[in-house]
>>> print(open('run-v2.tsv').read())   # TSV, C-alpha atoms
chain	number	residue	atom	x	y	z
V	282	MET	CA	-19.52	53.82	51.47
V	283	THR	CA	-16.39	55.65	50.36
V	284	PRO	CA	-13.15	55.08	52.29
V	285	ALA	CA	-11.73	58.09	54.07
V	286	GLU	CA	-8.88	59.95	52.39
V	287	LEU	CA	-5.56	58.59	53.58
V	288	ARG	CA	-3.12	61.12	54.98
V	289	ILE	CA	-0.04	60.46	57.08
V	290	GLY	CA	1.26	63.57	58.77
V	291	ASP	CA	0.95	66.31	56.18
V	292	ARG	CA	1.20	63.90	53.25
V	293	SER	CA	-1.65	62.63	51.11
V	294	ILE	CA	-1.18	59.02	50.01
V	295	GLY	CA	-2.46	58.17	46.56
V	296	PRO	CA	-2.07	58.53	42.80
V	297	ASN	CA	-1.53	62.29	42.86
V	298	SER	CA	1.25	62.26	45.46
V	299	SER	CA	4.88	61.18	45.32
V	300	THR	CA	5.75	57.76	46.69
V	301	TYR	CA	5.71	57.60	50.49
V	302	ILE	CA	8.72	55.60	51.73
V	303	ILE	CA	8.96	54.03	55.17
V	304	ALA	CA	12.21	52.76	56.64
V	305	GLU	CA	11.25	49.69	58.66
V	306	ILE	CA	13.60	49.74	61.63
V	307	GLY	CA	11.42	47.09	63.23
V	308	VAL	CA	13.58	45.19	65.70
V	309	ASN	CA	16.92	45.98	64.05
V	310	HIS	CA	17.67	48.21	67.03
V	311	ASP	CA	18.43	44.94	68.88
V	312	GLY	CA	16.47	46.15	71.89
V	313	SER	CA	18.58	49.31	72.25
V	314	VAL	CA	16.91	52.71	72.16
V	315	ASP	CA	20.24	54.33	71.38
V	316	ARG	CA	20.69	52.12	68.35
V	317	GLY	CA	17.13	52.95	67.33
V	318	LEU	CA	18.03	56.63	67.47
V	319	GLU	CA	21.07	56.01	65.27
V	320	LEU	CA	18.89	54.21	62.74
V	321	ILE	CA	16.44	57.13	62.69
V	322	ASP	CA	19.33	59.40	61.72
V	323	ALA	CA	20.38	56.95	59.01
V	324	ALA	CA	16.83	56.81	57.67
V	325	ALA	CA	16.60	60.59	57.53
V	326	GLU	CA	19.90	60.79	55.64
V	327	ALA	CA	18.62	58.21	53.16
V	328	GLY	CA	15.68	60.48	52.29
V	329	VAL	CA	12.70	58.45	53.50
V	330	ASP	CA	9.41	59.93	54.70
V	331	ALA	CA	8.88	57.85	57.83
V	332	VAL	CA	10.36	55.28	60.17
V	333	LYS	CA	8.52	52.32	61.63
V	334	PHE	CA	8.99	50.30	64.80
V	335	GLN	CA	7.42	47.18	66.25
V	336	TRP	CA	5.73	47.20	69.67
V	337	PHE	CA	5.21	43.89	71.37
V	338	GLU	CA	5.67	42.07	74.65
V	339	ALA	CA	7.00	38.58	74.12
V	340	ASP	CA	4.91	37.04	76.88
V	341	ARG	CA	1.71	38.45	75.37
V	342	LEU	CA	2.61	37.54	71.80
V	343	VAL	CA	4.07	34.03	71.94
V	344	GLY	CA	2.25	30.94	73.18
V	345	ASP	CA	4.57	28.19	71.92
V	346	PRO	CA	8.20	29.36	72.00
V	347	SER	CA	9.31	26.46	69.82
V	348	ALA	CA	7.22	27.66	66.86
V	349	VAL	CA	10.08	29.19	64.87
V	350	ALA	CA	10.05	29.99	61.15
V	351	ALA	CA	12.65	28.42	58.86
V	352	TYR	CA	14.47	31.70	58.24
V	353	GLN	CA	14.71	32.21	62.03
V	354	ARG	CA	16.16	28.73	62.51
V	355	GLN	CA	18.78	29.58	59.91
V	356	ALA	CA	19.70	32.53	62.15
V	357	GLN	CA	20.12	30.04	65.03
V	358	ILE	CA	16.92	31.13	66.75
V	359	HIS	CA	15.22	28.22	68.51
V	360	ASP	CA	13.09	29.96	71.13
V	361	GLN	CA	10.85	32.68	69.66
V	362	LYS	CA	9.80	34.05	73.03
V	363	ALA	CA	13.37	34.42	74.28
V	364	MET	CA	14.40	36.02	71.00
V	365	LEU	CA	11.58	38.57	71.10
V	366	ARG	CA	12.08	39.31	74.78
V	367	GLY	CA	15.57	40.55	73.97
V	368	LEU	CA	14.16	42.89	71.33
V	369	GLU	CA	11.48	44.61	73.42
V	370	ILE	CA	11.43	48.37	73.93
V	371	ASP	CA	9.15	49.77	76.62
V	372	ALA	CA	6.76	52.73	76.44
V	373	ARG	CA	9.34	55.26	77.57
V	374	GLY	CA	11.77	54.03	74.93
V	375	MET	CA	9.09	54.20	72.26
V	376	GLU	CA	8.30	57.75	73.30
V	377	ARG	CA	11.93	58.72	72.77
V	378	LEU	CA	11.90	57.14	69.33
V	379	VAL	CA	8.72	58.98	68.29
V	380	GLU	CA	10.15	62.29	69.45
V	381	ALA	CA	13.43	61.64	67.65
V	382	ALA	CA	11.65	60.76	64.42
V	383	HIS	CA	9.66	63.97	64.52
V	384	GLY	CA	12.80	65.90	65.39
V	385	ALA	CA	14.43	64.48	62.25
V	386	GLY	CA	11.48	65.58	60.13
V	387	LEU	CA	10.10	62.06	59.72
V	388	ASP	CA	6.71	60.56	60.44
V	389	ALA	CA	6.62	57.81	63.06
V	390	VAL	CA	4.72	54.58	62.43
V	391	VAL	CA	4.38	51.56	64.70
V	392	THR	CA	3.21	47.99	64.33
V	393	VAL	CA	1.27	46.97	67.42
V	394	PHE	CA	0.99	43.21	67.93
V	395	SER	CA	-1.44	42.85	70.84
V	396	VAL	CA	-4.79	44.41	71.67
V	397	GLU	CA	-3.62	45.00	75.23
V	398	LEU	CA	-0.90	47.36	74.01
V	399	VAL	CA	-3.17	49.55	71.91
V	400	SER	CA	-4.32	51.82	74.72
V	401	ILE	CA	-0.79	52.75	75.78
V	402	ALA	CA	0.35	53.04	72.16
V	403	ARG	CA	-2.48	55.50	71.54
V	404	SER	CA	-1.05	57.80	74.22
V	405	LEU	CA	1.99	58.51	72.01
V	406	SER	CA	2.06	60.73	68.94
V	407	TRP	CA	2.39	58.06	66.27
V	408	ASP	CA	1.40	59.33	62.84
V	409	ALA	CA	0.02	55.99	61.63
V	410	TRP	CA	-0.53	52.40	62.68
V	411	LYS	CA	0.75	49.36	60.84
V	412	THR	CA	-0.40	45.79	61.24
V	413	ALA	CA	1.76	42.80	60.42
V	414	SER	CA	0.73	40.35	57.73
V	415	PRO	CA	-0.24	37.55	60.16
V	416	ASP	CA	-2.73	39.92	61.79
V	417	LEU	CA	-4.84	40.41	58.66
V	418	VAL	CA	-7.20	37.90	60.34
V	419	HIS	CA	-6.96	39.51	63.82
V	420	ARG	CA	-10.13	41.57	63.63
V	421	PRO	CA	-10.09	42.60	67.33
V	422	LEU	CA	-6.62	44.14	66.91
V	423	LEU	CA	-7.52	45.87	63.67
V	424	ALA	CA	-10.72	47.22	65.19
V	425	ALA	CA	-8.93	48.58	68.26
V	426	LEU	CA	-6.51	50.50	66.05
V	427	VAL	CA	-9.18	51.75	63.63
V	428	GLU	CA	-11.20	53.09	66.54
V	429	ASP	CA	-8.41	55.56	67.27
V	430	GLY	CA	-8.96	57.28	63.93
V	431	ARG	CA	-5.35	57.48	62.83
V	432	PRO	CA	-4.48	56.02	59.39
V	433	MET	CA	-3.62	52.34	59.28
V	434	LEU	CA	-1.40	50.37	56.93
V	435	VAL	CA	-2.36	46.71	56.65
V	436	SER	CA	0.13	44.16	55.34
V	437	THR	CA	-1.20	41.23	53.35
V	438	GLY	CA	1.62	38.68	53.20
V	439	ALA	CA	0.61	34.99	53.07
V	440	ALA	CA	-3.00	36.00	52.36
V	441	ASP	CA	-5.25	35.57	49.36
V	442	LEU	CA	-7.42	38.25	47.76
V	443	ASP	CA	-10.60	37.07	49.47
V	444	GLU	CA	-8.97	37.59	52.87
V	445	VAL	CA	-7.95	41.11	51.82
V	446	ARG	CA	-11.50	41.85	50.65
V	447	ARG	CA	-12.89	40.59	53.95
V	448	ALA	CA	-10.61	42.84	56.01
V	449	ASP	CA	-11.49	45.77	53.76
V	450	ALA	CA	-15.21	45.14	54.27
V	451	TRP	CA	-14.84	45.23	58.07
V	452	PHE	CA	-13.88	48.92	58.02
V	453	PRO	CA	-15.36	50.51	54.90
V	454	GLU	CA	-14.95	54.13	56.02
V	455	ALA	CA	-11.62	53.89	57.86
V	456	PRO	CA	-8.45	55.51	56.47
V	457	ILE	CA	-6.62	52.35	55.42
V	458	ALA	CA	-4.01	51.38	52.87
V	459	PHE	CA	-3.11	47.80	52.09
V	460	LEU	CA	0.47	46.70	51.50
V	461	HIS	CA	1.19	43.83	49.17
V	462	CYS	CA	3.78	41.65	50.82
V	463	VAL	CA	5.39	38.26	50.36
V	464	SER	CA	6.10	36.65	53.73
V	465	ALA	CA	9.43	35.09	52.84
V	466	TYR	CA	12.72	36.35	54.29
V	467	PRO	CA	14.32	37.09	51.92
V	468	THR	CA	11.90	37.13	49.00
V	469	PRO	CA	13.55	36.24	45.68
V	470	GLU	CA	12.94	38.84	42.98
V	471	SER	CA	11.19	36.18	40.90
V	472	GLU	CA	8.66	35.68	43.72
V	473	ALA	CA	7.86	39.35	44.38
V	474	SER	CA	4.53	39.09	42.52
V	475	LEU	CA	4.24	42.84	42.07
V	476	GLY	CA	1.20	42.43	39.85
V	477	ALA	CA	-0.77	41.79	43.05
V	478	ILE	CA	-0.55	45.50	43.81
V	479	ARG	CA	-3.03	46.26	41.04
V	480	SER	CA	-5.25	43.32	42.05
V	481	ILE	CA	-5.57	44.66	45.60
V	482	ALA	CA	-6.22	48.20	44.39
V	483	ASP	CA	-8.95	47.01	42.03
V	484	ALA	CA	-10.54	44.86	44.74
V	485	THR	CA	-10.58	47.51	47.48
V	486	GLY	CA	-10.39	50.95	45.88
V	487	ARG	CA	-7.77	51.82	48.49
V	488	PRO	CA	-4.23	53.15	48.13
V	489	VAL	CA	-1.91	50.17	47.89
V	490	GLY	CA	1.78	49.86	48.65
V	491	TYR	CA	4.49	47.24	48.87
V	492	SER	CA	6.28	45.91	51.92
V	493	ASP	CA	9.54	44.73	50.39
V	494	HIS	CA	11.32	41.68	51.76
V	495	THR	CA	13.77	41.30	48.88
V	496	THR	CA	17.38	42.29	49.49
V	497	LEU	CA	17.44	44.40	46.33
V	498	GLU	CA	17.63	48.16	45.88
V	499	THR	CA	15.48	48.19	42.72
V	500	THR	CA	12.23	46.51	43.73
V	501	GLY	CA	10.82	49.75	45.13
V	502	GLY	CA	11.04	51.35	41.71
V	503	LEU	CA	9.49	48.30	40.10
V	504	ALA	CA	6.67	48.43	42.64
V	505	VAL	CA	6.02	52.07	41.78
V	506	ALA	CA	5.74	51.08	38.13
V	507	ALA	CA	3.27	48.39	39.21
V	508	GLY	CA	1.09	50.98	40.97
V	509	ALA	CA	2.42	51.22	44.54
V	510	HIS	CA	1.83	54.53	46.33
V	511	LEU	CA	3.86	53.71	49.42
V	512	LEU	CA	6.78	51.44	50.21
V	513	GLU	CA	8.30	49.84	53.27
V	514	LYS	CA	11.91	48.64	53.34
V	515	HIS	CA	13.93	47.22	56.24
V	516	LEU	CA	16.90	49.22	57.47
V	517	THR	CA	19.77	47.83	59.56
V	518	TRP	CA	23.02	49.04	61.02
V	519	ASN	CA	24.81	45.85	59.93
V	520	ARG	CA	23.48	43.20	57.54
V	521	ASN	CA	25.74	40.62	59.19
V	522	ALA	CA	24.52	41.27	62.73
V	523	GLU	CA	22.75	38.51	64.66
V	524	GLY	CA	18.98	38.79	64.75
V	525	PRO	CA	15.88	37.86	62.77
V	526	ASP	CA	15.80	40.69	60.20
V	527	HIS	CA	19.30	42.06	59.68
V	528	ALA	CA	20.15	39.80	56.74
V	529	VAL	CA	17.04	40.82	54.77
V	530	SER	CA	17.55	44.54	55.39
V	531	LEU	CA	19.50	47.28	53.64
V	532	ASP	CA	22.18	49.33	55.34
V	533	ARG	CA	22.31	53.13	55.13
V	534	GLU	CA	24.00	53.18	51.73
V	535	GLY	CA	21.69	50.54	50.34
V	536	LEU	CA	18.60	52.36	51.57
V	537	THR	CA	19.84	55.58	50.02
V	538	SER	CA	20.15	53.82	46.66
V	539	PHE	CA	16.69	52.29	47.14
V	540	VAL	CA	15.17	55.71	47.82
V	541	ASN	CA	16.95	57.38	44.92
V	542	PHE	CA	15.88	54.70	42.45
V	543	THR	CA	12.31	54.85	43.73
V	544	ARG	CA	12.17	58.63	43.34
V	545	ARG	CA	13.52	58.34	39.79
V	546	SER	CA	10.98	55.64	39.03
V	547	TYR	CA	8.14	57.82	40.25
V	548	GLU	CA	9.23	60.62	37.95
V	549	ALA	CA	9.58	58.20	35.03
V	550	VAL	CA	6.16	56.63	35.60
V	551	GLY	CA	4.46	60.02	35.82
V	552	SER	CA	0.77	60.54	36.39
V	553	GLY	CA	-0.32	57.56	34.34
V	554	GLY	CA	-2.33	59.74	31.95
V	555	LYS	CA	-1.53	59.64	28.23
V	556	THR	CA	-1.01	63.23	27.11
V	557	VAL	CA	1.25	65.14	24.73
V	558	ALA	CA	4.32	66.06	26.75
V	559	ALA	CA	5.91	69.46	26.25
V	560	ILE	CA	9.14	67.79	25.16
V	561	GLU	CA	7.26	65.97	22.35
V	562	VAL	CA	5.65	68.99	20.67
V	563	ASP	CA	8.54	69.82	18.36
V	564	VAL	CA	8.88	66.26	17.04
V	565	ARG	CA	5.10	65.95	16.76
V	566	ASN	CA	4.88	69.06	14.59
V	567	VAL	CA	7.79	68.07	12.36
V	568	ALA	CA	7.27	64.31	12.02
V	569	ARG	CA	3.50	64.04	11.69
V	570	GLN	CA	2.13	64.29	8.17
V	571	SER	CA	-0.73	66.44	6.90
V	572	VAL	CA	-2.77	66.91	3.73
V	573	ARG	CA	-0.97	68.94	1.05
V	574	ALA	CA	-1.42	69.94	-2.56
V	575	ALA	CA	-0.22	67.18	-4.89
V	576	HIS	CA	0.36	69.82	-7.60
V	577	GLU	CA	-0.46	73.47	-8.19
V	578	LEU	CA	-4.13	74.09	-7.41
V	579	ARG	CA	-6.27	77.07	-8.42
V	580	PRO	CA	-9.25	78.60	-6.62
V	581	GLY	CA	-12.60	77.01	-7.44
V	582	VAL	CA	-11.28	73.51	-8.10
V	583	VAL	CA	-13.35	70.68	-6.62
V	584	LEU	CA	-10.74	68.55	-4.92
V	585	ALA	CA	-10.23	64.97	-6.04
V	586	ALA	CA	-7.98	62.33	-4.52
V	587	SER	CA	-5.40	62.98	-7.24
V	588	ASP	CA	-5.12	66.60	-6.06
V	589	LEU	CA	-4.09	65.60	-2.56
V	590	ALA	CA	-0.90	64.24	-0.98
V	591	VAL	CA	0.02	63.37	2.59
V	592	LYS	CA	3.47	64.57	3.64
V	593	ARG	CA	5.36	66.11	6.51
V	594	PRO	CA	5.13	68.40	8.48
V	595	ALA	CA	1.90	68.64	10.49
V	596	ASP	CA	0.91	72.18	9.49
V	597	GLY	CA	-2.14	71.20	7.44
V	598	ILE	CA	-5.32	69.22	7.96
V	599	GLU	CA	-4.64	65.86	9.62
V	600	PRO	CA	-4.67	62.89	7.23
V	601	TRP	CA	-7.44	61.06	9.07
V	602	ARG	CA	-9.76	63.72	7.53
V	603	LEU	CA	-8.64	63.02	3.95
V	604	ASP	CA	-12.01	61.63	2.86
V	605	GLU	CA	-13.76	64.75	4.21
V	606	ILE	CA	-11.67	66.98	1.95
V	607	ILE	CA	-12.39	65.16	-1.30
V	608	GLY	CA	-15.29	66.90	-3.06
V	609	ARG	CA	-14.83	70.25	-1.31
V	610	THR	CA	-14.07	73.44	-3.22
V	611	LEU	CA	-10.74	75.22	-2.88
V	612	ARG	CA	-10.95	78.93	-2.07
V	613	THR	CA	-7.28	79.88	-2.50
V	614	ARG	CA	-4.38	79.22	-4.87
V	615	LEU	CA	-1.90	76.65	-3.58
V	616	GLU	CA	1.57	75.75	-4.78
V	617	THR	CA	2.73	72.13	-5.00
V	618	ASP	CA	3.27	70.64	-1.50
V	619	ALA	CA	1.57	73.60	0.21
V	620	PRO	CA	-0.43	72.55	3.29
V	621	ILE	CA	-4.20	72.55	2.96
V	622	ARG	CA	-5.87	74.20	5.94
V	623	GLU	CA	-9.52	74.56	6.87
V	624	GLU	CA	-9.57	78.23	5.84
V	625	ASP	CA	-8.47	77.21	2.30
V	626	LEU	CA	-11.74	75.30	1.79
V	627	ALA	CA	-15.22	76.61	0.99
>>> encode(input="run-v2.tsv", output="structure tokens")
Amino acid sequence: MTPAELRIGDRSIGPNSSTYIIAEIGVNHDGSVDRGLELIDAAAEAGVDAVKFQWFEADRLVGDPSAVAAYQRQAQIHDQKAMLRGLEIDARGMERLVEAAHGAGLDAVVTVFSVELVSIARSLSWDAWKTASPDLVHRPLLAALVEDGRPMLVSTGAADLDEVRRADAWFPEAPIAFLHCVSAYPTPESEASLGAIRSIADATGRPVGYSDHTTLETTGGLAVAAGAHLLEKHLTWNRNAEGPDHAVSLDREGLTSFVNFTRRSYEAVGSGGKTVAAIEVDVRNVARQSVRAAHELRPGVVLAASDLAVKRPADGIEPWRLDEIIGRTLRTRLETDAPIREEDLA
């Protein structure tokens, strides 16, 4: 079965469309809707296509509060449930954020972390769903979101290719894109493994993007060169603020640079097809060589190798056909170095 075409809002996602860029606001609003609104404005100014938020309830999501990742401990977080509880935004707040995103001309995307939240999330006008990397194995959650019919972006951090294939096989006709991701915060450039983008695309036949956890402004462009059709990059109001994601995010200026470099990279990469570009035609015509008369030639001569030379420019028969010309009869008189064209031959 063929996967459904992936569209987010009025944008098609794939090889024939410009790179779709998502500003991941995530929890960098610090639990404040007003700060979330400010970050939407910053994202719009940076030139992205969409903003993304995270919807969770700490009590539903966390079983053992002491299970804290190393990067969270470095941020002095020792109770995951307490940390997440302070970052929650309720349904009314999420509704305001969706409306503000649309008002700014951006698509609105949300990561839903619990099956129980899907029904209320579906009541809002999100343009696409996102699932976090750890939930690549959470089939009930993926299925609940797929059932809605809206496009879904599936992150693949800390997963192997067989796990990606398995998730792909669960929903063969659903509009899904996979995002290559490295679940390290931050991800060193040397560990970005951007070649995995092509591996996932080859394995699934889906559009593939990159969820970027480096702190660099250039990895988006590199990901585009590696085949990414969409990108996700964290946005913060202050990289030095307290919280789990601020330090691995870009501020407004950094995101603007990220977007600009990505757009330039997309233009530089082009369609991927090897064709003669309009800007090459002049050099092609002047610098390529063609078959020419090695000396003055009269009509009726049967051409031998000694009668022929290969020189610039490319206004005669191409030199790969040299052997075809030997033994043919010349119909016209040619001066030395004159190009030999098909109409000159009997």
>>> atom_distance(input="run-v2.tsv", atom1="CA of Leu584 (chain V)", atom2="CA of Arg569 (chain V)")
22.3 Å
>>> residues_around(input="run-v2.tsv", residues="region 496-502 of chain V", least_positions_apart="2", cutoff="6 Å", atoms="only C-alpha atoms", output="list of chain:residue names")
V:Ala504, V:Val505, V:Val529, V:Phe539, V:Phe542, V:Thr543, V:Ser546
>>> closest_residue(input="run-v2.tsv", among="V:Val564, V:Gly344, V:Arg373, V:Gly290", to="Asp360 (chain V)", atoms="all atoms listed in the file")
V:Gly344
>>> closest_atom_pairs(input="run-v2.tsv", of="region 425-466 of chain V", to="region 408-419 of chain V", cutoff="8 Å", atoms="all atoms listed in the file", output="Markdown table")
| residue | atom | partner | partner_atom | distance |
| --- | --- | --- | --- | --- |
| V:Leu426 | CA | V:Trp410 | CA | 7.1 |
| V:Arg431 | CA | V:Ala409 | CA | 5.7 |
| V:Pro432 | CA | V:Ala409 | CA | 5.0 |
| V:Met433 | CA | V:Trp410 | CA | 4.6 |
| V:Leu434 | CA | V:Lys411 | CA | 4.6 |
| V:Val435 | CA | V:Thr412 | CA | 5.1 |
| V:Ser436 | CA | V:Ser414 | CA | 4.5 |
| V:Thr437 | CA | V:Ser414 | CA | 4.9 |
| V:Gly438 | CA | V:Ser414 | CA | 4.9 |
| V:Ala439 | CA | V:Ser414 | CA | 7.1 |
| V:Ala440 | CA | V:Ser414 | CA | 7.9 |
| V:Glu444 | CA | V:Leu417 | CA | 7.7 |
| V:Val445 | CA | V:Leu417 | CA | 7.5 |
| V:Ala448 | CA | V:Leu417 | CA | 6.8 |
| V:Cys462 | CA | V:Ser414 | CA | 7.7 |
| V:Ser464 | CA | V:Ser414 | CA | 7.7 |
>>> residues_around(input="run-v2.tsv", residues="Ala382 (chain V)", least_positions_apart="2", cutoff="12 Å", atoms="only C-alpha atoms", output="short mmCIF file (atom, residue, chain, number, x, y, z; two decimals) with C-alpha atoms, in the frame of the given file")
data_model
loop_
_atom_site.label_atom_id
_atom_site.label_comp_id
_atom_site.auth_asym_id
_atom_site.auth_seq_id
_atom_site.Cartn_x
_atom_site.Cartn_y
_atom_site.Cartn_z
CA ILE V 303 8.96 54.03 55.17
CA ALA V 304 12.21 52.76 56.64
CA ILE V 306 13.60 49.74 61.63
CA GLY V 317 17.13 52.95 67.33
CA LEU V 318 18.03 56.63 67.47
CA GLU V 319 21.07 56.01 65.27
CA LEU V 320 18.89 54.21 62.74
CA ILE V 321 16.44 57.13 62.69
CA ASP V 322 19.33 59.40 61.72
CA ALA V 323 20.38 56.95 59.01
CA ALA V 324 16.83 56.81 57.67
CA ALA V 325 16.60 60.59 57.53
CA VAL V 329 12.70 58.45 53.50
CA ASP V 330 9.41 59.93 54.70
CA ALA V 331 8.88 57.85 57.83
CA VAL V 332 10.36 55.28 60.17
CA LYS V 333 8.52 52.32 61.63
CA PHE V 334 8.99 50.30 64.80
CA MET V 375 9.09 54.20 72.26
CA GLU V 376 8.30 57.75 73.30
CA ARG V 377 11.93 58.72 72.77
CA LEU V 378 11.90 57.14 69.33
CA VAL V 379 8.72 58.98 68.29
CA GLU V 380 10.15 62.29 69.45
CA GLY V 384 12.80 65.90 65.39
CA ALA V 385 14.43 64.48 62.25
CA GLY V 386 11.48 65.58 60.13
CA LEU V 387 10.10 62.06 59.72
CA ASP V 388 6.71 60.56 60.44
CA ALA V 389 6.62 57.81 63.06
CA VAL V 390 4.72 54.58 62.43
CA VAL V 391 4.38 51.56 64.70
CA SER V 406 2.06 60.73 68.94
CA TRP V 407 2.39 58.06 66.27
CA ASP V 408 1.40 59.33 62.84
#
>>> decode(input="run-v2.tsv", residues="region 576-623 of chain V", atoms="C-alpha atoms", output="PDB file, in the first residue's frame")
ATOM      1  CA  HIS V 576      42.993  20.835 -43.095  1.00  0.00           C
ATOM      2  CA  GLU V 577      41.123  22.129 -46.118  1.00  0.00           C
ATOM      3  CA  LEU V 578      38.664  19.498 -47.316  1.00  0.00           C
ATOM      4  CA  ARG V 579      36.900  19.298 -50.685  1.00  0.00           C
ATOM      5  CA  PRO V 580      33.498  17.803 -51.518  1.00  0.00           C
ATOM      6  CA  GLY V 581      33.524  14.084 -52.280  1.00  0.00           C
ATOM      7  CA  VAL V 582      36.440  13.195 -50.022  1.00  0.00           C
ATOM      8  CA  VAL V 583      35.998  10.023 -47.967  1.00  0.00           C
ATOM      9  CA  LEU V 584      37.006  11.140 -44.500  1.00  0.00           C
ATOM     10  CA  ALA V 585      39.962   9.491 -42.794  1.00  0.00           C
ATOM     11  CA  ALA V 586      41.216  10.003 -39.259  1.00  0.00           C
ATOM     12  CA  SER V 587      43.955  12.300 -40.583  1.00  0.00           C
ATOM     13  CA  ASP V 588      41.268  14.626 -41.988  1.00  0.00           C
ATOM     14  CA  LEU V 589      39.694  15.191 -38.600  1.00  0.00           C
ATOM     15  CA  ALA V 590      40.619  17.209 -35.493  1.00  0.00           C
ATOM     16  CA  VAL V 591      38.873  17.761 -32.186  1.00  0.00           C
ATOM     17  CA  LYS V 592      38.931  21.364 -30.984  1.00  0.00           C
ATOM     18  CA  ARG V 593      36.808  24.003 -29.329  1.00  0.00           C
ATOM     19  CA  PRO V 594      34.050  25.227 -29.536  1.00  0.00           C
ATOM     20  CA  ALA V 595      31.081  22.840 -29.502  1.00  0.00           C
ATOM     21  CA  ASP V 596      29.495  23.909 -32.788  1.00  0.00           C
ATOM     22  CA  GLY V 597      30.215  20.677 -34.671  1.00  0.00           C
ATOM     23  CA  ILE V 598      29.552  16.985 -34.209  1.00  0.00           C
ATOM     24  CA  GLU V 599      30.424  15.810 -30.690  1.00  0.00           C
ATOM     25  CA  PRO V 600      33.751  13.958 -30.430  1.00  0.00           C
ATOM     26  CA  TRP V 601      32.209  10.792 -29.024  1.00  0.00           C
ATOM     27  CA  ARG V 602      30.923  10.223 -32.606  1.00  0.00           C
ATOM     28  CA  LEU V 603      34.381  10.488 -34.185  1.00  0.00           C
ATOM     29  CA  ASP V 604      34.486   6.843 -35.267  1.00  0.00           C
ATOM     30  CA  GLU V 605      31.089   7.222 -36.970  1.00  0.00           C
ATOM     31  CA  ILE V 606      32.431  10.019 -39.170  1.00  0.00           C
ATOM     32  CA  ILE V 607      35.476   8.161 -40.478  1.00  0.00           C
ATOM     33  CA  GLY V 608      34.597   6.589 -43.844  1.00  0.00           C
ATOM     34  CA  ARG V 609      31.723   8.962 -44.622  1.00  0.00           C
ATOM     35  CA  THR V 610      31.733  11.212 -47.675  1.00  0.00           C
ATOM     36  CA  LEU V 611      31.944  14.983 -47.362  1.00  0.00           C
ATOM     37  CA  ARG V 612      29.278  16.932 -49.258  1.00  0.00           C
ATOM     38  CA  THR V 613      30.643  20.469 -48.824  1.00  0.00           C
ATOM     39  CA  ARG V 614      33.959  22.328 -48.957  1.00  0.00           C
ATOM     40  CA  LEU V 615      35.448  23.054 -45.533  1.00  0.00           C
ATOM     41  CA  GLU V 616      38.281  25.343 -44.519  1.00  0.00           C
ATOM     42  CA  THR V 617      40.871  24.285 -41.939  1.00  0.00           C
ATOM     43  CA  ASP V 618      39.342  24.173 -38.417  1.00  0.00           C
ATOM     44  CA  ALA V 619      35.794  24.528 -39.759  1.00  0.00           C
ATOM     45  CA  PRO V 620      33.254  22.531 -37.726  1.00  0.00           C
ATOM     46  CA  ILE V 621      31.890  19.373 -39.328  1.00  0.00           C
ATOM     47  CA  ARG V 622      28.126  19.133 -38.957  1.00  0.00           C
ATOM     48  CA  GLU V 623      25.700  16.375 -39.887  1.00  0.00           C
TER      49      GLU V 623
END
